[in-house]
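Undergrad: Take a look at coords16.txt, compact mmCIF, C-alpha atoms:
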```txt
# COMPACT_ATOMS: atom_id res chain seq x y z
CA MET Y 6 -13.19 -29.31 -20.50
CA GLU Y 7 -10.00 -28.49 -22.36
CA SER Y 8 -6.83 -30.47 -21.77
CA MET Y 9 -4.01 -28.93 -19.79
CA ALA Y 10 -0.27 -29.14 -20.28
CA SER Y 11 2.15 -29.78 -17.48
CA VAL Y 12 5.81 -28.92 -17.65
CA ALA Y 13 9.16 -29.72 -16.09
CA LEU Y 14 12.09 -27.44 -16.81
CA SER Y 15 15.47 -29.02 -17.30
CA ASP Y 16 18.50 -27.76 -15.43
CA GLY Y 17 19.35 -24.26 -16.68
CA SER Y 18 16.93 -24.57 -19.61
CA THR Y 19 14.00 -22.39 -20.63
CA THR Y 20 12.46 -24.92 -23.01
CA SER Y 21 9.13 -26.33 -21.90
CA ILE Y 22 8.32 -30.04 -22.11
CA GLY Y 23 4.60 -30.58 -22.57
CA VAL Y 24 2.79 -33.47 -20.89
CA GLU Y 25 -0.96 -33.75 -21.51
CA ASP Y 26 -3.06 -34.10 -18.38
CA ASP Y 27 -6.62 -33.54 -17.22
CA ALA Y 28 -7.88 -31.01 -14.66
CA ASN Y 29 -9.02 -33.76 -12.32
CA ASN Y 30 -5.56 -35.29 -12.26
CA PHE Y 31 -3.46 -32.30 -11.23
CA SER Y 32 -2.63 -30.41 -8.07
CA VAL Y 33 0.13 -28.31 -6.57
CA GLY Y 34 3.28 -30.27 -5.94
CA ALA Y 35 6.99 -29.76 -6.38
CA VAL Y 36 10.07 -31.43 -7.79
CA GLN Y 37 13.43 -29.97 -6.81
CA LEU Y 38 16.08 -29.28 -9.42
CA ILE Y 39 19.54 -27.96 -8.69
CA GLY Y 40 20.38 -24.86 -10.71
CA GLY Y 41 23.71 -23.70 -11.99
CA HIS Y 42 24.31 -21.55 -8.89
CA GLY Y 43 23.45 -24.28 -6.43
CA GLU Y 44 19.90 -23.08 -5.78
CA THR Y 45 16.89 -25.36 -5.87
CA TYR Y 46 13.95 -24.70 -8.18
CA HIS Y 47 10.45 -26.09 -7.74
CA THR Y 48 8.47 -27.30 -10.71
CA PRO Y 49 4.93 -28.73 -10.77
CA LYS Y 50 4.29 -32.35 -9.91
CA ARG Y 51 1.29 -34.40 -10.99
CA THR Y 52 -1.02 -35.63 -8.23
CA ASN Y 53 -4.73 -36.27 -8.01
CA SER Y 54 -6.28 -33.45 -5.95
CA LEU Y 55 -6.70 -30.27 -8.06
CA PRO Y 56 -9.80 -28.42 -6.80
CA PHE Y 57 -12.16 -28.52 -9.78
CA CYS Y 58 -14.66 -25.90 -8.44
CA PHE Y 59 -14.44 -22.90 -6.16
CA ASP Y 60 -17.21 -21.08 -4.34
CA THR Y 61 -15.98 -17.69 -5.64
CA TRP Y 62 -13.43 -16.57 -8.19
CA GLU Y 63 -11.51 -14.94 -5.33
CA ASP Y 64 -10.96 -18.40 -3.86
CA GLY Y 65 -9.66 -19.59 -7.22
CA MET Y 66 -7.35 -16.60 -7.47
CA ALA Y 67 -5.99 -17.25 -3.96
CA PHE Y 68 -5.38 -20.90 -4.89
CA TYR Y 69 -3.54 -19.99 -8.09
CA LYS Y 70 -1.40 -17.40 -6.31
CA SER Y 71 -0.51 -19.96 -3.66
CA TYR Y 72 0.38 -22.41 -6.41
CA ALA Y 73 2.47 -19.75 -8.18
CA HIS Y 74 4.32 -18.97 -4.97
CA GLU Y 75 5.26 -22.62 -4.50
CA VAL Y 76 6.31 -23.03 -8.13
CA GLY Y 77 8.10 -19.68 -8.46
CA PHE Y 78 6.36 -17.18 -10.74
CA SER Y 79 4.21 -14.06 -10.43
CA VAL Y 80 0.54 -13.80 -11.38
CA ARG Y 81 -1.51 -10.97 -12.87
CA THR Y 82 -5.14 -10.63 -13.97
CA TRP Y 83 -5.62 -10.95 -17.70
CA THR Y 84 -9.24 -10.72 -18.86
CA THR Y 85 -12.67 -10.58 -17.23
CA HIS Y 86 -16.06 -11.10 -18.88
CA LYS Y 87 -19.20 -10.02 -17.01
CA ASP Y 88 -22.89 -10.59 -17.56
CA ASP Y 89 -25.57 -7.91 -17.70
CA ASN Y 90 -25.65 -7.70 -13.89
CA GLY Y 91 -21.90 -7.12 -13.64
CA VAL Y 92 -21.13 -10.60 -12.28
CA PRO Y 93 -17.91 -12.11 -13.66
CA VAL Y 94 -18.65 -15.04 -15.97
CA TRP Y 95 -15.06 -15.64 -17.09
CA LYS Y 96 -11.97 -14.77 -15.09
CA ARG Y 97 -8.47 -15.48 -16.37
CA PHE Y 98 -5.15 -15.19 -14.55
CA VAL Y 99 -1.83 -15.52 -16.32
CA CYS Y 100 1.86 -15.59 -15.59
CA ALA Y 101 3.24 -12.08 -15.21
CA ARG Y 102 5.60 -12.78 -18.12
CA GLN Y 103 2.74 -13.67 -20.47
CA ASP Y 104 2.58 -12.02 -23.91
CA TRP Y 105 5.06 -9.49 -25.30
CA ARG Y 106 5.35 -5.82 -24.45
CA GLU Y 107 4.31 -3.76 -27.46
CA VAL Y 108 6.29 -0.69 -28.49
CA ALA Y 109 4.00 2.29 -28.94
CA GLN Y 110 4.02 4.13 -32.25
CA GLY Y 111 6.43 7.02 -32.27
CA ALA Y 112 8.31 5.72 -29.22
CA GLN Y 113 11.63 5.92 -31.02
CA ASP Y 114 11.03 9.57 -31.89
CA ARG Y 115 10.25 10.37 -28.26
CA GLU Y 116 13.44 8.65 -27.16
CA ARG Y 117 15.44 11.03 -29.32
CA THR Y 118 13.90 14.14 -27.77
CA LYS Y 119 13.49 13.00 -24.16
CA PRO Y 120 15.52 10.22 -22.52
CA LYS Y 121 13.35 7.53 -20.96
CA ARG Y 122 14.03 5.64 -17.79
CA LYS Y 123 15.62 2.30 -18.53
CA PHE Y 124 13.82 -0.76 -17.17
CA LYS Y 125 14.10 -4.47 -17.74
CA LEU Y 126 11.60 -6.09 -20.10
CA SER Y 127 10.22 -9.12 -18.27
CA ARG Y 128 7.58 -10.42 -20.68
CA CYS Y 129 8.70 -13.30 -22.86
CA GLY Y 130 5.49 -14.75 -24.30
CA CYS Y 131 4.87 -17.24 -21.49
CA GLY Y 132 1.54 -19.00 -21.96
CA ALA Y 133 0.91 -20.28 -18.41
CA MET Y 134 -2.60 -19.37 -17.28
CA ILE Y 135 -5.76 -20.52 -15.56
CA GLY Y 136 -9.34 -19.68 -16.50
CA PHE Y 137 -12.43 -19.86 -14.29
CA LYS Y 138 -15.95 -20.12 -15.68
CA ARG Y 139 -19.10 -19.43 -13.69
CA LYS Y 140 -21.59 -22.27 -13.50
CA ASP Y 141 -25.36 -22.09 -13.08
CA ASP Y 142 -25.10 -22.69 -9.33
CA GLY Y 143 -22.83 -19.66 -8.90
CA LYS Y 144 -19.60 -21.59 -8.40
CA TYR Y 145 -16.54 -21.28 -10.61
CA GLU Y 146 -14.97 -24.24 -12.36
CA VAL Y 147 -11.49 -24.54 -13.86
CA ALA Y 148 -12.31 -24.27 -17.56
CA ARG Y 149 -8.76 -23.91 -18.86
CA PHE Y 150 -5.33 -24.49 -17.35
CA VAL Y 151 -1.93 -24.15 -19.05
CA GLN Y 152 0.99 -25.13 -16.89
CA SER Y 153 3.86 -24.78 -19.36
CA HIS Y 154 6.34 -21.92 -18.79
CA THR Y 155 8.89 -20.65 -21.31
CA HIS Y 156 11.27 -19.13 -18.76
CA GLN Y 157 13.22 -20.21 -15.73
CA LEU Y 158 11.29 -20.11 -12.47
CA ILE Y 159 12.21 -18.11 -9.38
CA SER Y 160 14.33 -19.82 -6.75
CA PRO Y 161 12.90 -20.34 -3.23
CA SER Y 162 15.35 -17.85 -1.73
CA LYS Y 163 13.75 -15.07 -3.82
CA ARG Y 164 10.08 -16.02 -3.53
CA HIS Y 165 9.37 -13.12 -1.18
CA LEU Y 166 10.20 -10.76 -4.06
CA ILE Y 167 7.34 -12.05 -6.24
CA LYS Y 168 5.00 -9.12 -6.81
CA SER Y 169 1.72 -11.02 -6.74
CA ASN Y 170 2.55 -12.48 -3.32
CA ARG Y 171 3.53 -9.18 -1.69
CA GLU Y 172 0.90 -7.45 0.40
CA VAL Y 173 0.88 -4.85 3.17
CA SER Y 174 -1.41 -6.51 5.69
CA SER Y 175 -3.65 -4.58 8.06
CA GLU Y 176 -1.34 -5.56 10.92
CA LEU Y 177 1.70 -4.12 9.14
CA ARG Y 178 -0.27 -1.01 8.17
CA GLY Y 179 -1.23 -0.38 11.78
CA LYS Y 180 2.34 -0.89 12.98
CA LEU Y 181 3.63 1.45 10.27
CA PHE Y 182 1.26 4.24 11.31
CA THR Y 183 2.24 3.70 14.95
CA CYS Y 184 5.90 4.08 13.99
CA HIS Y 185 5.14 7.31 12.14
CA LYS Y 186 3.34 8.65 15.21
CA ALA Y 187 6.57 8.00 17.14
CA LEU Y 188 8.53 9.86 14.41
CA VAL Y 189 10.07 6.61 13.14
CA GLY Y 190 10.47 6.72 9.37
CA THR Y 191 9.48 4.00 6.92
CA SER Y 192 13.04 2.73 6.42
CA ALA Y 193 13.66 2.41 10.15
CA ALA Y 194 10.24 0.79 10.58
CA TYR Y 195 11.09 -1.78 7.89
CA ARG Y 196 14.32 -2.69 9.70
CA LEU Y 197 12.32 -3.02 12.91
CA PHE Y 198 9.82 -5.35 11.20
CA SER Y 199 12.70 -7.41 9.80
CA VAL Y 200 14.02 -8.06 13.30
CA ASP Y 201 10.54 -8.61 14.73
CA TYR Y 202 9.45 -11.14 12.09
CA GLY Y 203 12.81 -12.92 11.83
CA GLY Y 204 13.98 -11.73 8.41
CA GLN Y 205 12.90 -9.63 5.45
CA GLU Y 206 11.53 -12.66 3.62
CA LYS Y 207 8.96 -13.18 6.41
CA ILE Y 208 7.54 -9.65 6.42
CA GLY Y 209 5.37 -10.24 3.37
CA CYS Y 210 6.31 -7.07 1.50
CA LEU Y 211 9.23 -4.85 0.57
CA LYS Y 212 10.27 -1.47 1.90
CA ARG Y 213 9.00 0.09 -1.31
CA ASP Y 214 5.54 -1.40 -0.62
CA LEU Y 215 5.47 0.26 2.80
CA GLN Y 216 6.54 3.57 1.28
CA ASN Y 217 3.78 3.31 -1.32
CA CYS Y 218 1.25 2.47 1.39
CA HIS Y 219 2.17 5.57 3.38
CA ARG Y 220 2.10 7.67 0.22
CA ASP Y 221 -1.39 6.43 -0.66
CA PHE Y 222 -2.58 7.16 2.88
CA LYS Y 223 -1.36 10.74 2.74
CA ARG Y 224 -2.92 11.15 -0.68
CA ALA Y 225 -6.25 9.80 0.60
CA ILE Y 226 -6.45 12.28 3.48
CA LYS Y 227 -5.04 15.20 1.54
CA GLY Y 228 -8.41 16.89 1.09
CA ALA Y 229 -9.69 16.10 4.59
CA ASP Y 230 -6.69 16.57 6.88
CA GLY Y 231 -8.12 19.85 8.23
CA GLN Y 232 -11.32 18.09 9.28
CA ILE Y 233 -9.27 15.30 10.86
CA LEU Y 234 -7.42 17.88 12.98
CA VAL Y 235 -10.71 19.44 14.13
CA ASP Y 236 -12.12 16.01 14.99
CA ILE Y 237 -9.04 15.23 17.08
CA MET Y 238 -9.46 18.50 18.97
CA ARG Y 239 -13.12 17.74 19.62
CA SER Y 240 -12.33 14.26 20.93
CA LYS Y 241 -9.80 15.79 23.35
CA GLN Y 242 -12.38 18.31 24.48
CA VAL Y 243 -14.90 15.54 25.17
CA ALA Y 244 -12.32 13.60 27.18
CA ASN Y 245 -11.21 16.70 29.13
CA PRO Y 246 -13.66 19.63 29.51
CA ALA Y 247 -10.75 21.91 30.48
CA PHE Y 248 -9.34 21.51 26.96
CA TYR Y 249 -10.15 24.54 24.81
CA PHE Y 250 -9.83 25.08 21.07
CA ASP Y 251 -11.25 27.35 18.42
CA TYR Y 252 -10.81 27.56 14.66
CA GLN Y 253 -11.71 29.71 11.67
CA LEU Y 254 -12.57 28.86 8.06
CA ASP Y 255 -12.25 30.95 4.93
CA GLU Y 256 -14.83 31.47 2.20
CA ASN Y 257 -13.78 28.15 0.59
CA ASN Y 258 -14.44 26.24 3.84
CA LYS Y 259 -10.72 25.65 4.38
CA LEU Y 260 -9.05 25.78 7.76
CA THR Y 261 -7.09 29.02 8.15
CA ASN Y 262 -6.62 29.50 11.91
CA ILE Y 263 -6.82 27.09 14.84
CA PHE Y 264 -5.89 27.66 18.49
CA TRP Y 265 -5.78 25.13 21.34
CA ALA Y 266 -4.75 24.88 25.00
CA ASP Y 267 -5.19 22.12 27.56
CA GLY Y 268 -5.93 22.44 31.25
CA ILE Y 269 -2.29 22.83 32.30
CA CYS Y 270 -1.74 25.60 29.74
CA ARG Y 271 -4.80 27.48 30.98
CA LYS Y 272 -3.64 27.12 34.61
CA ASN Y 273 -0.21 28.47 33.68
CA TYR Y 274 -1.81 31.43 31.94
CA SER Y 275 -3.97 32.27 34.97
CA LEU Y 276 -0.87 32.30 37.22
CA PHE Y 277 1.88 33.68 34.97
CA GLY Y 278 0.03 35.35 32.12
CA GLU Y 279 1.23 38.92 32.77
CA VAL Y 280 3.71 38.61 29.89
CA VAL Y 281 3.01 36.49 26.82
CA SER Y 282 5.61 35.66 24.15
CA PHE Y 283 4.25 35.05 20.65
CA ASP Y 284 6.75 33.23 18.39
CA SER Y 285 5.85 32.92 14.68
CA THR Y 286 9.13 31.88 13.09
CA TYR Y 287 8.18 28.28 12.22
CA ARG Y 288 6.26 27.96 8.96
CA PHE Y 289 4.59 25.08 7.11
CA ASN Y 290 5.21 25.64 3.40
CA ARG Y 291 2.82 22.89 2.29
CA TYR Y 292 -0.22 24.45 3.95
CA ASP Y 293 1.02 28.04 4.02
CA LEU Y 294 0.44 28.10 7.78
CA VAL Y 295 2.56 29.37 10.66
CA PHE Y 296 2.98 27.49 13.94
CA ALA Y 297 2.87 29.93 16.83
CA PRO Y 298 3.33 28.84 20.47
CA PHE Y 299 2.23 31.16 23.28
CA THR Y 300 4.83 30.98 26.07
CA GLY Y 301 5.69 32.76 29.30
CA VAL Y 302 7.90 32.54 32.39
CA ASN Y 303 6.88 31.12 35.77
CA ASN Y 304 8.15 32.10 39.23
CA HIS Y 305 11.14 29.76 38.79
CA LYS Y 306 12.16 31.63 35.63
CA SER Y 307 11.34 28.58 33.51
CA CYS Y 308 9.43 28.70 30.25
CA VAL Y 309 5.83 27.52 30.34
CA THR Y 310 3.35 27.10 27.50
CA PHE Y 311 0.02 28.93 27.44
CA GLY Y 312 -1.25 27.52 24.15
CA ALA Y 313 -0.43 27.04 20.49
CA ALA Y 314 -1.92 27.90 17.13
CA PHE Y 315 -1.71 27.43 13.39
CA TYR Y 316 -2.61 30.53 11.45
CA GLY Y 317 -2.55 31.76 7.90
CA MET Y 318 -1.51 35.14 6.63
CA ARG Y 319 -4.68 36.70 7.99
CA ARG Y 320 -4.22 36.91 11.75
CA LYS Y 321 -7.34 38.93 12.52
CA ASN Y 322 -9.01 37.93 15.82
CA LEU Y 323 -6.35 35.28 16.48
CA MET Y 324 -5.31 36.88 19.77
CA ASN Y 325 -8.88 36.58 21.02
CA GLY Y 326 -8.22 32.89 21.61
CA CYS Y 327 -5.48 33.64 24.13
CA SER Y 328 -7.75 36.10 25.96
CA ARG Y 329 -10.28 33.31 26.62
CA LEU Y 330 -7.84 31.08 28.53
CA SER Y 331 -8.39 32.60 31.95
```
Show how you would write the structure in this file as structure tokens.
TA:
Amino acid sequence: MESMASVALSDGSTTSIGVEDDANNFSVGAVQLIGGHGETYHTPKRTNSLPFCFDTWEDGMAFYKSYAHEVGFSVRTWTTHKDDNGVPVWKRFVCARQDWREVAQGAQDRERTKPKRKFKLSRCGCGAMIGFKRKDDGKYEVARFVQSHTHQLISPSKRHLIKSNREVSSELRGKLFTCHKALVGTSAAYRLFSVDYGGQEKIGCLKRDLQNCHRDFKRAIKGADGQILVDIMRSKQVANPAFYFDYQLDENNKLTNIFWADGICRKNYSLFGEVVSFDSTYRFNRYDLVFAPFTGVNNHKSCVTFGAAFYGMRRKNLMNGCSRLS
């Protein structure tokens, strides 16, 4: 077992003060220091309850992230060594500001030809890390721990901005999709969550994280959204036998035309279907489809709907769907 260094940062200083300690004599604690702007900073405190072994490396990672959240720094995965069966033997996690960002060869030449987006360099060579080693019984022990940081830690008022502690939970994901079903955008949904949870710092993620989550969801269903639409129509037909729909595929097995009408639409068509209006002015540019509602007029001279359809440029046999409503 290698020795570990603990650290306490002085007020406004980025110089680390090393104190040798052993893994069995350390745990998560905190000492408050008052910064130059009146904010308190938490630094590690020596106690006697550091978990020496974990059942899985995921448990060790969760412990280190919890420790990092209390202290005030972000965590990222560094290196992983696996055995022949693909089981991690070594797993190392480091401070997000570990190491230095290398400048790629020819980067200066590319900057002359094409301007690059400016971003802040956060890495400063911090050496804080923790390493887990797999034992013969399958558990993971703390084989190396470096506590010393070479930068100022994050204040408690900004802990919710730490990247490694931000996560879009399944509960938030479900609420976000519900908001989108109600035509509530991501920004409005984030403001709603802020009020519901009692502040942005209690949500667990940022608005950008919710936007990325919704983007990833749309990207995941991009190649199967046509099948999802057909499955929804089939579920409605099972729930209500009066619901009717039909669809057509092209030679590439892509959805080109789909028509649907519920029981009320079919009843309206049987009573007032002498004249049918077919409106095809609304187009979907992404899918190259046209939304076309079938409407008419009842005996009160009010508009009623007979059905609706999405169709591509080939409209052959599309009107056959409307003829099957009666």
Undergrad: One decimal, in Å: what's the spacing between CA of Val309 in chain Y and CA of Ile269 in chain Y?
TA: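 The value is 9.6 Å.
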Undergrad: Which distance in Å separates CA of Lys163 in chain Y and CA of Ser199 in chain Y, to one decimal?
TA: 15.7 Å
Undergrad: What's the 7 Å shell around range 214-223 of chain Y, counting all atoms listed in the file, without same-chain residues fewer than 4 positions away, as a PyMOL selection string?
TA: chain Y and resi 173+191+210+227
Undergrad: Just the residues within 10 Å of range 134-141 of chain Y, please, counting all atoms listed in the file, with nothing from its chain fewer than 2 positions along; format it as a PDB file with C-alpha atoms, in the frame of the given file.
TA:
```
ATOM      1  CA  MET Y   9      -4.010 -28.930 -19.790  1.00  0.00           C
ATOM      2  CA  PHE Y  57     -12.160 -28.520  -9.780  1.00  0.00           C
ATOM      3  CA  CYS Y  58     -14.660 -25.900  -8.440  1.00  0.00           C
ATOM      4  CA  PHE Y  59     -14.440 -22.900  -6.160  1.00  0.00           C
ATOM      5  CA  ASP Y  60     -17.210 -21.080  -4.340  1.00  0.00           C
ATOM      6  CA  THR Y  61     -15.980 -17.690  -5.640  1.00  0.00           C
ATOM      7  CA  TRP Y  62     -13.430 -16.570  -8.190  1.00  0.00           C
ATOM      8  CA  GLY Y  65      -9.660 -19.590  -7.220  1.00  0.00           C
ATOM      9  CA  MET Y  66      -7.350 -16.600  -7.470  1.00  0.00           C
ATOM     10  CA  TYR Y  69      -3.540 -19.990  -8.090  1.00  0.00           C
ATOM     11  CA  VAL Y  80       0.540 -13.800 -11.380  1.00  0.00           C
ATOM     12  CA  ARG Y  81      -1.510 -10.970 -12.870  1.00  0.00           C
ATOM     13  CA  THR Y  82      -5.140 -10.630 -13.970  1.00  0.00           C
ATOM     14  CA  TRP Y  83      -5.620 -10.950 -17.700  1.00  0.00           C
ATOM     15  CA  THR Y  84      -9.240 -10.720 -18.860  1.00  0.00           C
ATOM     16  CA  THR Y  85     -12.670 -10.580 -17.230  1.00  0.00           C
ATOM     17  CA  HIS Y  86     -16.060 -11.100 -18.880  1.00  0.00           C
ATOM     18  CA  LYS Y  87     -19.200 -10.020 -17.010  1.00  0.00           C
ATOM     19  CA  VAL Y  92     -21.130 -10.600 -12.280  1.00  0.00           C
ATOM     20  CA  PRO Y  93     -17.910 -12.110 -13.660  1.00  0.00           C
ATOM     21  CA  VAL Y  94     -18.650 -15.040 -15.970  1.00  0.00           C
ATOM     22  CA  TRP Y  95     -15.060 -15.640 -17.090  1.00  0.00           C
ATOM     23  CA  LYS Y  96     -11.970 -14.770 -15.090  1.00  0.00           C
ATOM     24  CA  ARG Y  97      -8.470 -15.480 -16.370  1.00  0.00           C
ATOM     25  CA  PHE Y  98      -5.150 -15.190 -14.550  1.00  0.00           C
ATOM     26  CA  VAL Y  99      -1.830 -15.520 -16.320  1.00  0.00           C
ATOM     27  CA  CYS Y 100       1.860 -15.590 -15.590  1.00  0.00           C
ATOM     28  CA  ALA Y 101       3.240 -12.080 -15.210  1.00  0.00           C
ATOM     29  CA  GLN Y 103       2.740 -13.670 -20.470  1.00  0.00           C
ATOM     30  CA  CYS Y 131       4.870 -17.240 -21.490  1.00  0.00           C
ATOM     31  CA  GLY Y 132       1.540 -19.000 -21.960  1.00  0.00           C
ATOM     32  CA  GLY Y 143     -22.830 -19.660  -8.900  1.00  0.00           C
ATOM     33  CA  LYS Y 144     -19.600 -21.590  -8.400  1.00  0.00           C
ATOM     34  CA  TYR Y 145     -16.540 -21.280 -10.610  1.00  0.00           C
ATOM     35  CA  GLU Y 146     -14.970 -24.240 -12.360  1.00  0.00           C
ATOM     36  CA  VAL Y 147     -11.490 -24.540 -13.860  1.00  0.00           C
ATOM     37  CA  ALA Y 148     -12.310 -24.270 -17.560  1.00  0.00           C
ATOM     38  CA  ARG Y 149      -8.760 -23.910 -18.860  1.00  0.00           C
ATOM     39  CA  PHE Y 150      -5.330 -24.490 -17.350  1.00  0.00           C
ATOM     40  CA  VAL Y 151      -1.930 -24.150 -19.050  1.00  0.00           C
ATOM     41  CA  GLN Y 152       0.990 -25.130 -16.890  1.00  0.00           C
ATOM     42  CA  SER Y 153       3.860 -24.780 -19.360  1.00  0.00           C
ATOM     43  CA  HIS Y 154       6.340 -21.920 -18.790  1.00  0.00           C
TER      44      HIS Y 154
END
```
Undergrad: Would you please work out which residue, of Y:Asp255, Y:Gly312, Y:Gly317, Y:Ala229, is nearest to Asp267 in chain Y when using only C-alpha atoms?
TA: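 Under the stated criterion, the closest residue is Y:Gly312.
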Undergrad: Quick one: residues within 6 Å of Tyr316 in chain Y, only C-alpha atoms, excluding same-chain residues fewer than 2 positions away - as a PDB file with C-alpha atoms, in the coordinates of the input?
TA:
```
ATOM      1  CA  THR Y 261      -7.090  29.020   8.150  1.00  0.00           C
ATOM      2  CA  ASN Y 262      -6.620  29.500  11.910  1.00  0.00           C
ATOM      3  CA  LEU Y 294       0.440  28.100   7.780  1.00  0.00           C
ATOM      4  CA  VAL Y 295       2.560  29.370  10.660  1.00  0.00           C
TER       5      VAL Y 295
END
```
Undergrad: Choose the residue, out of Y:His74, Y:Lys259, Y:Lys180, Y:Arg128, that has the smallest atom-to-atom separation from Thr155 in chain Y; count only C-alpha atoms.
TA: Y:Arg128
Undergrad: Where's the centre, and what are the edge lengths in Å to one decimal, of a box along x, y and z enclosing all listed atoms of range 170-175 of chain Y padded 3 Å per side, as lines of an AutoDock Vina configuration file?
TA:
```
center_x = -0.1
center_y = -8.5
center_z = 2.4
size_x = 13.2
size_y = 13.9
size_z = 17.4
```
